[in-house]
Amino acid sequence: MNESKRCTKCKEDKPLSEFYKNKKAGDGLYSYCKPCAIDKSSEWKKNNKERCAAYIREWKKNNKDKHKASVKKYRQSLGFGVYKVEYPSGVYIGSGLLQARIDNHISGNAEIAKTLGEKAMSVTILSWCSKENCKMYEQLAMDSYGMDNLLNTRRALK
Ligand SMILES: [Zn+2]
C-alpha cells in the first residue's frame, strides 16, 4: 500500500494526510504538501495584495447577506452588545457582556433597578458589537432615544 506521496515543491516524501484534498487531481490530492501549499498561498497573497483585496471586496458585494450574517454571527459569538431595558418609569440603555448584564436586570440586581425600586418589564438586544465598540454603540442608541427620555440621564442626575 502506498501511503505516502512526494511533494513536488520540497521534494520530501510525506504521508497522504499531509496533503490537502483536490478533486481535480488524479489522486485526489494537491501536489504540494500542506506546509508548502500554505507557503505558496501566503506568498501569492503577498504578491497579489490588490487582487486579493479586490477579490474580498467583490465577494462581499456579491454576498452581502452572507457577509452580514457572518459578521453578526461573529459578534454574537463574542457576546458583547447594546441592550434596552424597559422599566415602569422609563427606558434604560446599557452595553457590555449581554448575558451577564441582562441577567442582572432581570434578577433585579442592576443598580438602576435598586435605585428605582422597580422590576424590569422587558429586555431587548439592540445590536451586537465588539467589546471596544460597546460605548460607541451605547451612545448611538441613547442619541436615537433622546437622552431626556432615558433613565440613564435621571440616574446620572441623582
Ligand atoms: Zn512540501
# chains A, B, ... in the order shown; residues from 1 in each chain; ligands from 1
call {"tool": "residues_near_ligand", "arguments": {"ligand": "ligand 1", "cutoff": "6 Å", "atoms": "only C-alpha atoms and all ligand atoms", "output": "short mmCIF file (atom, residue, chain, number, x, y, z; two decimals) with N, CA and C atoms, in the first residue's frame"}}
result
data_model
loop_
_atom_site.label_atom_id
_atom_site.label_comp_id
_atom_site.auth_asym_id
_atom_site.auth_seq_id
_atom_site.Cartn_x
_atom_site.Cartn_y
_atom_site.Cartn_z
N CYS A 7 6.10 15.48 -2.29
CA CYS A 7 5.71 16.87 -2.55
C CYS A 7 6.56 17.39 -3.71
N LYS A 9 7.18 20.34 -4.41
CA LYS A 9 7.91 21.56 -4.10
C LYS A 9 9.14 21.28 -3.23
N CYS A 10 8.90 20.69 -2.03
CA CYS A 10 10.04 20.46 -1.15
C CYS A 10 10.71 19.09 -1.42
N TYR A 32 1.44 19.73 -3.81
CA TYR A 32 2.26 20.31 -2.75
C TYR A 32 1.77 19.80 -1.40
N CYS A 33 2.69 19.56 -0.47
CA CYS A 33 2.28 19.18 0.87
C CYS A 33 1.65 20.39 1.57
N CYS A 36 3.88 23.47 2.30
CA CYS A 36 4.25 24.14 1.05
C CYS A 36 3.05 24.85 0.43
#
call {"tool": "select_by_dssp", "arguments": {"residues": "chain A", "states": "strand (DSSP E)", "output": "VMD selection string"}}
result
chain A and resid 4 to 6 13 to 15 80 to 87 90 to 97 122 to 128
call {"tool": "atom_distance", "arguments": {"atom1": "atom CA of Leu140 of chain A", "atom2": "atom CA of Lys68 of chain A"}}
result
19.9 Å
call {"tool": "residues_around", "arguments": {"residues": "His105 of chain A", "least_positions_apart": "4", "cutoff": "12 Å", "atoms": "only C-alpha atoms", "output": "JSON, numbers by chain"}}
result
{"A": [83, 84, 85, 86, 87, 92, 93, 94, 98, 99, 100, 101, 109, 110, 111, 112, 113, 114, 116, 117, 118, 119, 120, 121, 122, 123, 124]}
call {"tool": "residues_around", "arguments": {"residues": "Lys73 of chain A", "least_positions_apart": "6", "cutoff": "10 Å", "atoms": "only C-alpha atoms", "output": "JSON, numbers by chain"}}
result
{"A": [67, 79, 128]}
call {"tool": "atom_distance", "arguments": {"atom1": "atom CA of Ile125 of chain A", "atom2": "atom CA of Gly81 of chain A"}}
result
7.3 Å
call {"tool": "residues_around", "arguments": {"residues": "Asn22 of chain A", "least_positions_apart": "6", "cutoff": "12 Å", "atoms": "only C-alpha atoms", "output": "PyMOL selection string"}}
result
chain A and resi 28-34+37
call {"tool": "select_by_dssp", "arguments": {"residues": "chain A", "states": "helix (DSSP H, G or I)", "output": "number ranges by chain"}}
result
A: 16-18, 34-47, 49-62, 64-78, 98-106, 111-116, 131-145, 147-149, 151-157
call {"tool": "atom_distance", "arguments": {"atom1": "atom CA of Ser95 of chain A", "atom2": "atom CA of Lys60 of chain A"}}
result
28.3 Å
call {"tool": "closest_residue", "arguments": {"among": "A:Ile106, A:Val82, A:Val91, A:Leu97", "to": "Gly146 of chain A", "atoms": "only C-alpha atoms"}}
result
A:Val91
call {"tool": "decode", "arguments": {"residues": "segment 37-49 of chain A", "atoms": "N, CA and C atoms", "output": "short mmCIF file (atom, residue, chain, number, x, y, z; two decimals), in the first residue's frame"}}
result
data_model
loop_
_atom_site.label_atom_id
_atom_site.label_comp_id
_atom_site.auth_asym_id
_atom_site.auth_seq_id
_atom_site.Cartn_x
_atom_site.Cartn_y
_atom_site.Cartn_z
N ALA A 37 1.88 24.22 0.53
CA ALA A 37 0.67 24.83 -0.03
C ALA A 37 0.35 26.12 0.71
N ILE A 38 0.51 26.10 2.05
CA ILE A 38 0.24 27.29 2.84
C ILE A 38 1.25 28.38 2.50
N ASP A 39 2.51 27.97 2.40
CA ASP A 39 3.57 28.89 1.97
C ASP A 39 3.22 29.56 0.67
N LYS A 40 2.80 28.71 -0.27
CA LYS A 40 2.55 29.22 -1.61
C LYS A 40 1.37 30.18 -1.59
N SER A 41 0.31 29.84 -0.82
CA SER A 41 -0.84 30.73 -0.85
C SER A 41 -0.56 32.04 -0.13
N SER A 42 0.27 31.99 0.93
CA SER A 42 0.57 33.27 1.58
C SER A 42 1.54 34.09 0.72
N GLU A 43 2.39 33.38 -0.02
CA GLU A 43 3.29 34.08 -0.96
C GLU A 43 2.46 34.74 -2.06
N TRP A 44 1.47 33.99 -2.53
CA TRP A 44 0.60 34.52 -3.58
C TRP A 44 -0.14 35.75 -3.07
N LYS A 45 -0.64 35.64 -1.84
CA LYS A 45 -1.37 36.77 -1.25
C LYS A 45 -0.48 38.00 -1.13
N LYS A 46 0.78 37.75 -0.74
CA LYS A 46 1.71 38.86 -0.55
C LYS A 46 1.99 39.55 -1.88
N ASN A 47 2.13 38.73 -2.94
CA ASN A 47 2.44 39.29 -4.25
C ASN A 47 1.22 39.81 -4.99
N ASN A 48 0.04 39.50 -4.45
CA ASN A 48 -1.19 39.92 -5.14
C ASN A 48 -2.15 40.61 -4.18
N LYS A 49 -1.59 41.46 -3.33
CA LYS A 49 -2.40 42.12 -2.30
C LYS A 49 -3.62 42.79 -2.89
#
